[in-house]
Amino acid sequence: MNKKLYFRLALRNVKNNKSTFLPFSISTSAIIAMFYMLYSIYEQVNENMFSGAEQMRIILNLGVSICGIFSVFVLIYTNGFLMKRRSREFGLYSVLGMEKKHISRVVLCETVIISLVSLIFGILVGFNQLMIENYMGVIEYEEYLVKINSSIGIIIIEGNKMNLNQINENDVLISGAISKIYLEST
């Protein structure tokens, strides 16, 4: 069979089965966003940044590892759910003369398409939001700079087109193209 045929068939299947693929792509995007957020915070914390930074890196590394293990189980479960819902469709392909290796190639193309879309959405969501809890107040707010007072020092966030979306007594949600986060000791 022609390789373009696999891709076209997979693309048509994804379009026709939006309601089936939607939970899988949403869960995959959420997991990627969560993993990306934890890992980016882990990478930005230096051992010499503040007292307790080394312990924070260890805890964040543990969080990244747990998130990775959890994501494997969730993705296996949602993919299994997706395959069970489509057993009739695969049976129809078999009756129409497709061999198992051809059906497997179509499923592989579908998985690649959904994975790429989920990866893009997950990174965009994970890259554009930051929530800070237990803050003591916003010191400075500009479109490119946010300074927040906390019990461990002043948290400085640099980026582009940043907004304070949700502010209440316990937490603040910052969105935008965040490029750098660091802590200024008081």
# chains A, B, ... in the order shown; residues from 1 in each chain; ligands from 1
>>> closest_atom_pairs(of="region 3-98 of chain A", to="region 112-124 of chain A", cutoff="7 Å", atoms="only C-alpha atoms", output="CSV")
residue,atom,partner,partner_atom,distance
A:Ser25,CA,A:Ser118,CA,5.5
A:Thr28,CA,A:Ser118,CA,5.9
A:Ser29,CA,A:Gly122,CA,4.2
A:Ala30,CA,A:Gly122,CA,6.0
A:Ile32,CA,A:Gly122,CA,4.9
A:Ala33,CA,A:Gly122,CA,4.3
A:Tyr36,CA,A:Ile123,CA,6.6
>>> write_last_selection(atoms="N, CA and C atoms", output="short mmCIF file (atom, residue, chain, number, x, y, z; two decimals), in the first residue's frame")
data_model
loop_
_atom_site.label_atom_id
_atom_site.label_comp_id
_atom_site.auth_asym_id
_atom_site.auth_seq_id
_atom_site.Cartn_x
_atom_site.Cartn_y
_atom_site.Cartn_z
N SER A 25 -6.68 13.40 23.31
CA SER A 25 -5.83 14.55 23.04
C SER A 25 -5.85 15.55 24.19
N THR A 28 -3.69 14.01 26.99
CA THR A 28 -2.29 14.08 26.58
C THR A 28 -1.75 15.50 26.67
N SER A 29 -2.52 16.47 26.21
CA SER A 29 -2.09 17.88 26.29
C SER A 29 -1.92 18.33 27.74
N ALA A 30 -2.85 17.93 28.61
CA ALA A 30 -2.76 18.31 30.02
C ALA A 30 -1.52 17.70 30.68
N ILE A 32 1.27 16.76 29.17
CA ILE A 32 2.46 17.42 28.62
C ILE A 32 2.64 18.79 29.25
N ALA A 33 1.56 19.54 29.41
CA ALA A 33 1.64 20.87 30.03
C ALA A 33 2.15 20.77 31.47
N TYR A 36 5.82 19.79 31.45
CA TYR A 36 6.64 20.91 30.99
C TYR A 36 6.77 21.98 32.07
#
>>> residues_around(residues="region 52-64 of chain A", least_positions_apart="3", cutoff="12 Å", atoms="only C-alpha atoms", output="compact mmCIF listing (two decimals) with all heavy atoms, in the first residue's frame")
# COMPACT_ATOMS: atom_id res chain seq x y z
N ILE A 31 -1.24 16.46 30.37
CA ILE A 31 -0.07 15.80 30.95
C ILE A 31 1.21 16.46 30.45
O ILE A 31 2.15 16.69 31.22
CB ILE A 31 -0.10 14.29 30.63
CG1 ILE A 31 -1.19 13.62 31.47
CG2 ILE A 31 1.24 13.64 30.86
CD1 ILE A 31 -1.47 12.19 31.10
N ILE A 32 1.27 16.76 29.17
CA ILE A 32 2.46 17.42 28.62
C ILE A 32 2.64 18.79 29.25
O ILE A 32 3.76 19.19 29.60
CB ILE A 32 2.37 17.50 27.09
CG1 ILE A 32 2.50 16.11 26.48
CG2 ILE A 32 3.43 18.44 26.52
CD1 ILE A 32 2.17 16.04 25.01
N ALA A 33 1.56 19.54 29.41
CA ALA A 33 1.64 20.87 30.03
C ALA A 33 2.15 20.77 31.47
O ALA A 33 3.03 21.53 31.89
CB ALA A 33 0.28 21.56 29.99
N MET A 34 1.59 19.82 32.24
CA MET A 34 2.00 19.65 33.62
C MET A 34 3.48 19.25 33.71
O MET A 34 4.25 19.80 34.50
CB MET A 34 1.12 18.59 34.28
CG MET A 34 1.39 18.37 35.74
SD MET A 34 0.19 17.28 36.55
CE MET A 34 0.21 15.84 35.51
N PHE A 35 3.88 18.32 32.87
CA PHE A 35 5.27 17.87 32.84
C PHE A 35 6.20 19.02 32.46
O PHE A 35 7.24 19.23 33.09
CB PHE A 35 5.40 16.71 31.84
CG PHE A 35 6.74 16.05 31.86
CD1 PHE A 35 7.04 15.10 32.82
CD2 PHE A 35 7.70 16.37 30.92
CE1 PHE A 35 8.27 14.48 32.84
CE2 PHE A 35 8.93 15.76 30.93
CZ PHE A 35 9.22 14.81 31.90
N TYR A 36 5.82 19.79 31.45
CA TYR A 36 6.64 20.91 30.99
C TYR A 36 6.77 21.98 32.07
O TYR A 36 7.84 22.54 32.28
CB TYR A 36 6.06 21.50 29.71
CG TYR A 36 6.87 22.63 29.15
CD1 TYR A 36 8.07 22.40 28.51
CD2 TYR A 36 6.45 23.95 29.31
CE1 TYR A 36 8.84 23.44 28.01
CE2 TYR A 36 7.21 24.99 28.82
CZ TYR A 36 8.40 24.73 28.17
OH TYR A 36 9.14 25.77 27.71
N MET A 37 5.67 22.29 32.77
CA MET A 37 5.72 23.30 33.82
C MET A 37 6.66 22.88 34.95
O MET A 37 7.50 23.67 35.39
CB MET A 37 4.32 23.56 34.38
CG MET A 37 3.45 24.40 33.48
SD MET A 37 1.88 24.82 34.24
CE MET A 37 0.82 23.57 33.56
N LEU A 38 6.52 21.64 35.41
CA LEU A 38 7.39 21.16 36.48
C LEU A 38 8.85 21.15 36.05
O LEU A 38 9.74 21.58 36.79
CB LEU A 38 6.98 19.75 36.91
CG LEU A 38 5.81 19.64 37.86
CD1 LEU A 38 5.43 18.18 38.06
CD2 LEU A 38 6.15 20.27 39.20
N TYR A 39 9.10 20.67 34.86
CA TYR A 39 10.48 20.59 34.38
C TYR A 39 11.09 21.97 34.17
O TYR A 39 12.26 22.18 34.48
CB TYR A 39 10.56 19.77 33.09
CG TYR A 39 11.98 19.48 32.69
CD1 TYR A 39 12.73 18.54 33.38
CD2 TYR A 39 12.58 20.16 31.64
CE1 TYR A 39 14.04 18.29 33.04
CE2 TYR A 39 13.89 19.92 31.28
CZ TYR A 39 14.62 18.98 31.99
OH TYR A 39 15.91 18.74 31.65
N SER A 40 10.33 22.93 33.67
CA SER A 40 10.89 24.27 33.46
C SER A 40 11.19 24.95 34.79
O SER A 40 12.21 25.65 34.91
CB SER A 40 9.95 25.13 32.62
OG SER A 40 8.75 25.36 33.30
N ILE A 41 10.37 24.73 35.81
CA ILE A 41 10.66 25.28 37.13
C ILE A 41 11.92 24.60 37.70
O ILE A 41 12.80 25.26 38.26
CB ILE A 41 9.46 25.12 38.09
CG1 ILE A 41 8.30 25.99 37.62
CG2 ILE A 41 9.85 25.49 39.51
CD1 ILE A 41 7.00 25.72 38.35
N TYR A 42 12.00 23.28 37.54
CA TYR A 42 13.18 22.54 38.00
C TYR A 42 14.45 23.07 37.37
O TYR A 42 15.46 23.27 38.03
CB TYR A 42 12.99 21.05 37.68
CG TYR A 42 14.24 20.22 37.87
CD1 TYR A 42 14.67 19.86 39.14
CD2 TYR A 42 14.99 19.82 36.78
CE1 TYR A 42 15.80 19.10 39.32
CE2 TYR A 42 16.14 19.07 36.94
CZ TYR A 42 16.54 18.72 38.22
OH TYR A 42 17.68 17.97 38.38
N GLU A 43 14.43 23.34 36.08
CA GLU A 43 15.61 23.81 35.37
C GLU A 43 16.00 25.24 35.75
O GLU A 43 17.16 25.60 35.64
CB GLU A 43 15.39 23.75 33.85
CG GLU A 43 15.49 22.36 33.29
CD GLU A 43 16.88 21.76 33.44
OE1 GLU A 43 17.88 22.47 33.20
OE2 GLU A 43 16.97 20.58 33.80
N GLN A 44 15.08 26.03 36.23
CA GLN A 44 15.37 27.43 36.54
C GLN A 44 15.86 27.65 37.96
O GLN A 44 16.35 28.71 38.29
CB GLN A 44 14.14 28.29 36.28
CG GLN A 44 13.83 28.39 34.81
CD GLN A 44 12.64 29.27 34.54
OE1 GLN A 44 12.15 29.96 35.41
NE2 GLN A 44 12.16 29.26 33.31
N VAL A 45 15.73 26.63 38.81
CA VAL A 45 16.17 26.77 40.20
C VAL A 45 17.64 26.34 40.28
O VAL A 45 17.98 25.20 39.97
CB VAL A 45 15.31 25.91 41.15
CG1 VAL A 45 15.88 25.94 42.56
CG2 VAL A 45 13.88 26.39 41.15
N ASN A 46 18.50 27.26 40.70
CA ASN A 46 19.92 26.96 40.91
C ASN A 46 20.14 26.58 42.37
O ASN A 46 19.42 27.04 43.26
CB ASN A 46 20.79 28.17 40.57
CG ASN A 46 20.72 28.52 39.11
OD1 ASN A 46 20.48 27.66 38.28
ND2 ASN A 46 20.95 29.79 38.80
N GLU A 47 21.19 25.79 42.63
CA GLU A 47 21.49 25.38 44.00
C GLU A 47 21.84 26.57 44.89
O GLU A 47 21.59 26.56 46.08
CB GLU A 47 22.65 24.36 44.02
CG GLU A 47 22.26 22.97 43.59
CD GLU A 47 22.32 22.78 42.09
OE1 GLU A 47 22.83 23.68 41.38
OE2 GLU A 47 21.84 21.75 41.61
N ASN A 48 22.42 27.61 44.31
CA ASN A 48 22.87 28.77 45.09
C ASN A 48 21.86 29.92 45.08
O ASN A 48 22.18 31.01 45.51
CB ASN A 48 24.21 29.27 44.53
CG ASN A 48 25.26 28.19 44.55
OD1 ASN A 48 25.27 27.36 45.46
ND2 ASN A 48 26.14 28.19 43.58
N MET A 49 20.67 29.69 44.58
CA MET A 49 19.69 30.75 44.42
C MET A 49 19.21 31.27 45.78
O MET A 49 19.09 32.47 45.99
CB MET A 49 18.52 30.25 43.58
CG MET A 49 17.55 31.30 43.16
SD MET A 49 16.26 30.61 42.13
CE MET A 49 16.96 30.84 40.53
N CYS A 67 5.34 12.60 37.80
CA CYS A 67 4.50 13.05 36.68
C CYS A 67 4.76 12.17 35.46
O CYS A 67 3.83 11.79 34.75
CB CYS A 67 4.78 14.51 36.37
SG CYS A 67 3.78 15.18 35.04
N GLY A 68 6.02 11.83 35.20
CA GLY A 68 6.35 10.97 34.07
C GLY A 68 5.76 9.58 34.22
O GLY A 68 5.19 9.02 33.27
N ILE A 69 5.88 9.00 35.41
CA ILE A 69 5.32 7.66 35.65
C ILE A 69 3.81 7.69 35.55
O ILE A 69 3.19 6.83 34.92
CB ILE A 69 5.78 7.13 37.03
CG1 ILE A 69 7.29 6.87 37.01
CG2 ILE A 69 5.02 5.87 37.43
CD1 ILE A 69 7.90 6.64 38.38
N PHE A 70 3.19 8.69 36.17
CA PHE A 70 1.73 8.83 36.13
C PHE A 70 1.25 9.00 34.69
O PHE A 70 0.24 8.41 34.29
CB PHE A 70 1.32 10.04 36.98
CG PHE A 70 -0.13 10.37 36.92
CD1 PHE A 70 -1.07 9.57 37.56
CD2 PHE A 70 -0.57 11.49 36.22
CE1 PHE A 70 -2.42 9.88 37.49
CE2 PHE A 70 -1.91 11.80 36.16
CZ PHE A 70 -2.84 11.00 36.80
N SER A 71 1.98 9.78 33.91
CA SER A 71 1.56 10.03 32.53
C SER A 71 1.59 8.76 31.69
O SER A 71 0.74 8.57 30.83
CB SER A 71 2.42 11.12 31.90
OG SER A 71 3.75 10.70 31.76
N ILE A 152 9.93 33.95 51.07
CA ILE A 152 11.34 33.59 50.83
C ILE A 152 12.09 34.67 50.07
O ILE A 152 13.29 34.55 49.86
CB ILE A 152 11.44 32.25 50.08
CG1 ILE A 152 10.69 32.29 48.75
CG2 ILE A 152 10.95 31.11 50.95
CD1 ILE A 152 10.91 31.08 47.89
N TYR A 182 13.23 34.22 38.51
CA TYR A 182 14.31 34.10 39.48
C TYR A 182 13.88 34.75 40.80
O TYR A 182 12.88 35.47 40.87
CB TYR A 182 15.64 34.66 38.97
CG TYR A 182 15.59 36.08 38.43
CD1 TYR A 182 15.92 37.14 39.25
CD2 TYR A 182 15.23 36.33 37.12
CE1 TYR A 182 15.89 38.44 38.76
CE2 TYR A 182 15.21 37.62 36.63
CZ TYR A 182 15.54 38.67 37.46
OH TYR A 182 15.51 39.94 36.98
N LEU A 183 14.65 34.46 41.84
CA LEU A 183 14.33 34.90 43.18
C LEU A 183 15.39 35.89 43.66
O LEU A 183 16.58 35.63 43.54
CB LEU A 183 14.27 33.71 44.13
CG LEU A 183 13.88 34.02 45.56
CD1 LEU A 183 12.40 34.36 45.64
CD2 LEU A 183 14.20 32.85 46.47
N SER A 185 16.70 37.54 46.98
CA SER A 185 16.61 37.38 48.44
C SER A 185 16.43 38.74 49.09
O SER A 185 17.00 39.74 48.68
CB SER A 185 17.86 36.70 48.98
OG SER A 185 17.99 35.43 48.43
>>> closest_residue(among="A:Val72, A:Ile132, A:Ile167, A:Ile66", to="Ser151 (chain A)", atoms="only C-alpha atoms")
A:Ile132
>>> residues_around(residues="region 155-163 of chain A", least_positions_apart="6", cutoff="10 Å", atoms="only C-alpha atoms", output="MDAnalysis selection string")
chainID A and resid 128:130 132 135 138:149 173:185
>>> closest_residue(among="A:Met131, A:Leu5, A:Val74, A:Ala10", to="Phe24 (chain A)", atoms="only C-alpha atoms")
A:Val74
>>> atom_distance(atom1="CA of Gln166 (chain A)", atom2="CA of Asn134 (chain A)")
13.4 Å
>>> select_by_dssp(residues="region 99-183 of chain A", states="strand (DSSP E or B)", output="MDAnalysis selection string")
chainID A and resid 129:133 137:141 145:150 153:167 171:183
>>> decode(residues="region 103-144 of chain A", atoms="N, CA and C atoms", output="PDB file, in the first residue's frame")
ATOM      1  N   ILE A 103      -3.423  -2.104   9.068  1.00  0.00           N
ATOM      2  CA  ILE A 103      -4.236  -1.454  10.114  1.00  0.00           C
ATOM      3  C   ILE A 103      -3.316  -0.852  11.174  1.00  0.00           C
ATOM      4  N   SER A 104      -2.253  -1.580  11.520  1.00  0.00           N
ATOM      5  CA  SER A 104      -1.290  -1.075  12.507  1.00  0.00           C
ATOM      6  C   SER A 104      -0.605   0.195  12.014  1.00  0.00           C
ATOM      7  N   ARG A 105      -0.302   0.259  10.745  1.00  0.00           N
ATOM      8  CA  ARG A 105       0.334   1.462  10.192  1.00  0.00           C
ATOM      9  C   ARG A 105      -0.626   2.653  10.212  1.00  0.00           C
ATOM     10  N   VAL A 106      -1.890   2.405   9.936  1.00  0.00           N
ATOM     11  CA  VAL A 106      -2.888   3.485  10.002  1.00  0.00           C
ATOM     12  C   VAL A 106      -3.005   3.983  11.443  1.00  0.00           C
ATOM     13  N   VAL A 107      -3.066   3.060  12.401  1.00  0.00           N
ATOM     14  CA  VAL A 107      -3.165   3.436  13.811  1.00  0.00           C
ATOM     15  C   VAL A 107      -1.906   4.193  14.247  1.00  0.00           C
ATOM     16  N   LEU A 108      -0.748   3.765  13.761  1.00  0.00           N
ATOM     17  CA  LEU A 108       0.488   4.474  14.071  1.00  0.00           C
ATOM     18  C   LEU A 108       0.449   5.900  13.531  1.00  0.00           C
ATOM     19  N   CYS A 109      -0.019   6.075  12.311  1.00  0.00           N
ATOM     20  CA  CYS A 109      -0.143   7.431  11.739  1.00  0.00           C
ATOM     21  C   CYS A 109      -1.118   8.280  12.549  1.00  0.00           C
ATOM     22  N   GLU A 110      -2.245   7.690  12.976  1.00  0.00           N
ATOM     23  CA  GLU A 110      -3.208   8.423  13.807  1.00  0.00           C
ATOM     24  C   GLU A 110      -2.570   8.851  15.122  1.00  0.00           C
ATOM     25  N   THR A 111      -1.820   7.944  15.729  1.00  0.00           N
ATOM     26  CA  THR A 111      -1.170   8.247  17.000  1.00  0.00           C
ATOM     27  C   THR A 111      -0.145   9.358  16.834  1.00  0.00           C
ATOM     28  N   VAL A 112       0.599   9.335  15.754  1.00  0.00           N
ATOM     29  CA  VAL A 112       1.584  10.392  15.500  1.00  0.00           C
ATOM     30  C   VAL A 112       0.885  11.744  15.311  1.00  0.00           C
ATOM     31  N   ILE A 113      -0.206  11.757  14.562  1.00  0.00           N
ATOM     32  CA  ILE A 113      -0.947  13.004  14.329  1.00  0.00           C
ATOM     33  C   ILE A 113      -1.471  13.566  15.647  1.00  0.00           C
ATOM     34  N   ILE A 114      -2.141  12.722  16.432  1.00  0.00           N
ATOM     35  CA  ILE A 114      -2.704  13.162  17.715  1.00  0.00           C
ATOM     36  C   ILE A 114      -1.589  13.579  18.668  1.00  0.00           C
ATOM     37  N   SER A 115      -0.484  12.844  18.685  1.00  0.00           N
ATOM     38  CA  SER A 115       0.624  13.167  19.583  1.00  0.00           C
ATOM     39  C   SER A 115       1.251  14.511  19.237  1.00  0.00           C
ATOM     40  N   LEU A 116       1.433  14.789  17.966  1.00  0.00           N
ATOM     41  CA  LEU A 116       2.012  16.071  17.574  1.00  0.00           C
ATOM     42  C   LEU A 116       1.102  17.237  17.941  1.00  0.00           C
ATOM     43  N   VAL A 117      -0.192  17.080  17.690  1.00  0.00           N
ATOM     44  CA  VAL A 117      -1.148  18.132  18.047  1.00  0.00           C
ATOM     45  C   VAL A 117      -1.165  18.339  19.563  1.00  0.00           C
ATOM     46  N   SER A 118      -1.181  17.243  20.322  1.00  0.00           N
ATOM     47  CA  SER A 118      -1.196  17.330  21.788  1.00  0.00           C
ATOM     48  C   SER A 118       0.088  17.933  22.320  1.00  0.00           C
ATOM     49  N   LEU A 119       1.210  17.586  21.711  1.00  0.00           N
ATOM     50  CA  LEU A 119       2.492  18.131  22.136  1.00  0.00           C
ATOM     51  C   LEU A 119       2.534  19.644  21.939  1.00  0.00           C
ATOM     52  N   ILE A 120       2.061  20.098  20.811  1.00  0.00           N
ATOM     53  CA  ILE A 120       2.049  21.544  20.532  1.00  0.00           C
ATOM     54  C   ILE A 120       1.145  22.274  21.524  1.00  0.00           C
ATOM     55  N   PHE A 121      -0.080  21.769  21.721  1.00  0.00           N
ATOM     56  CA  PHE A 121      -0.995  22.419  22.667  1.00  0.00           C
ATOM     57  C   PHE A 121      -0.476  22.334  24.092  1.00  0.00           C
ATOM     58  N   GLY A 122       0.082  21.190  24.474  1.00  0.00           N
ATOM     59  CA  GLY A 122       0.605  21.029  25.830  1.00  0.00           C
ATOM     60  C   GLY A 122       1.743  21.975  26.140  1.00  0.00           C
ATOM     61  N   ILE A 123       2.668  22.135  25.199  1.00  0.00           N
ATOM     62  CA  ILE A 123       3.786  23.049  25.419  1.00  0.00           C
ATOM     63  C   ILE A 123       3.299  24.491  25.444  1.00  0.00           C
ATOM     64  N   LEU A 124       2.363  24.839  24.568  1.00  0.00           N
ATOM     65  CA  LEU A 124       1.842  26.211  24.574  1.00  0.00           C
ATOM     66  C   LEU A 124       1.142  26.530  25.883  1.00  0.00           C
ATOM     67  N   VAL A 125       0.354  25.600  26.397  1.00  0.00           N
ATOM     68  CA  VAL A 125      -0.348  25.836  27.666  1.00  0.00           C
ATOM     69  C   VAL A 125       0.648  25.876  28.815  1.00  0.00           C
ATOM     70  N   GLY A 126       1.606  24.953  28.830  1.00  0.00           N
ATOM     71  CA  GLY A 126       2.600  24.915  29.900  1.00  0.00           C
ATOM     72  C   GLY A 126       3.547  26.092  29.864  1.00  0.00           C
ATOM     73  N   PHE A 127       3.772  26.652  28.722  1.00  0.00           N
ATOM     74  CA  PHE A 127       4.714  27.753  28.554  1.00  0.00           C
ATOM     75  C   PHE A 127       4.092  29.087  28.931  1.00  0.00           C
ATOM     76  N   ASN A 128       2.790  29.190  28.886  1.00  0.00           N
ATOM     77  CA  ASN A 128       2.142  30.490  29.005  1.00  0.00           C
ATOM     78  C   ASN A 128       1.486  30.761  30.349  1.00  0.00           C
ATOM     79  N   GLN A 129       1.593  29.881  31.327  1.00  0.00           N
ATOM     80  CA  GLN A 129       0.920  30.134  32.594  1.00  0.00           C
ATOM     81  C   GLN A 129       1.821  29.783  33.776  1.00  0.00           C
ATOM     82  N   LEU A 130       1.673  30.560  34.832  1.00  0.00           N
ATOM     83  CA  LEU A 130       2.401  30.327  36.065  1.00  0.00           C
ATOM     84  C   LEU A 130       1.486  30.724  37.217  1.00  0.00           C
ATOM     85  N   MET A 131       1.358  29.844  38.200  1.00  0.00           N
ATOM     86  CA  MET A 131       0.555  30.162  39.379  1.00  0.00           C
ATOM     87  C   MET A 131       1.482  30.206  40.588  1.00  0.00           C
ATOM     88  N   ILE A 132       1.381  31.281  41.344  1.00  0.00           N
ATOM     89  CA  ILE A 132       2.159  31.435  42.569  1.00  0.00           C
ATOM     90  C   ILE A 132       1.178  31.455  43.724  1.00  0.00           C
ATOM     91  N   GLU A 133       1.404  30.558  44.666  1.00  0.00           N
ATOM     92  CA  GLU A 133       0.518  30.464  45.831  1.00  0.00           C
ATOM     93  C   GLU A 133       1.201  31.067  47.045  1.00  0.00           C
ATOM     94  N   ASN A 134       0.392  31.460  48.008  1.00  0.00           N
ATOM     95  CA  ASN A 134       0.852  32.026  49.277  1.00  0.00           C
ATOM     96  C   ASN A 134       1.781  33.230  49.082  1.00  0.00           C
ATOM     97  N   TYR A 135       1.423  34.087  48.181  1.00  0.00           N
ATOM     98  CA  TYR A 135       2.218  35.289  47.956  1.00  0.00           C
ATOM     99  C   TYR A 135       1.786  36.369  48.939  1.00  0.00           C
ATOM    100  N   MET A 136       2.640  37.372  49.093  1.00  0.00           N
ATOM    101  CA  MET A 136       2.367  38.431  50.063  1.00  0.00           C
ATOM    102  C   MET A 136       1.976  39.744  49.401  1.00  0.00           C
ATOM    103  N   GLY A 137       1.983  39.796  48.082  1.00  0.00           N
ATOM    104  CA  GLY A 137       1.580  41.005  47.381  1.00  0.00           C
ATOM    105  C   GLY A 137       2.340  41.186  46.081  1.00  0.00           C
ATOM    106  N   VAL A 138       1.727  41.926  45.176  1.00  0.00           N
ATOM    107  CA  VAL A 138       2.369  42.259  43.910  1.00  0.00           C
ATOM    108  C   VAL A 138       3.095  43.582  44.105  1.00  0.00           C
ATOM    109  N   ILE A 139       4.402  43.577  43.877  1.00  0.00           N
ATOM    110  CA  ILE A 139       5.213  44.783  44.067  1.00  0.00           C
ATOM    111  C   ILE A 139       5.196  45.641  42.811  1.00  0.00           C
ATOM    112  N   GLU A 140       5.417  44.989  41.666  1.00  0.00           N
ATOM    113  CA  GLU A 140       5.495  45.728  40.409  1.00  0.00           C
ATOM    114  C   GLU A 140       4.862  44.879  39.305  1.00  0.00           C
ATOM    115  N   TYR A 141       4.125  45.555  38.436  1.00  0.00           N
ATOM    116  CA  TYR A 141       3.505  44.851  37.318  1.00  0.00           C
ATOM    117  C   TYR A 141       3.651  45.669  36.052  1.00  0.00           C
ATOM    118  N   GLU A 142       4.334  45.120  35.096  1.00  0.00           N
ATOM    119  CA  GLU A 142       4.477  45.687  33.752  1.00  0.00           C
ATOM    120  C   GLU A 142       4.148  44.571  32.771  1.00  0.00           C
ATOM    121  N   GLU A 143       4.012  44.906  31.525  1.00  0.00           N
ATOM    122  CA  GLU A 143       3.727  43.893  30.505  1.00  0.00           C
ATOM    123  C   GLU A 143       4.886  42.916  30.336  1.00  0.00           C
ATOM    124  N   TYR A 144       6.090  43.329  30.680  1.00  0.00           N
ATOM    125  CA  TYR A 144       7.286  42.520  30.494  1.00  0.00           C
ATOM    126  C   TYR A 144       7.929  42.086  31.816  1.00  0.00           C
TER     127      TYR A 144
END
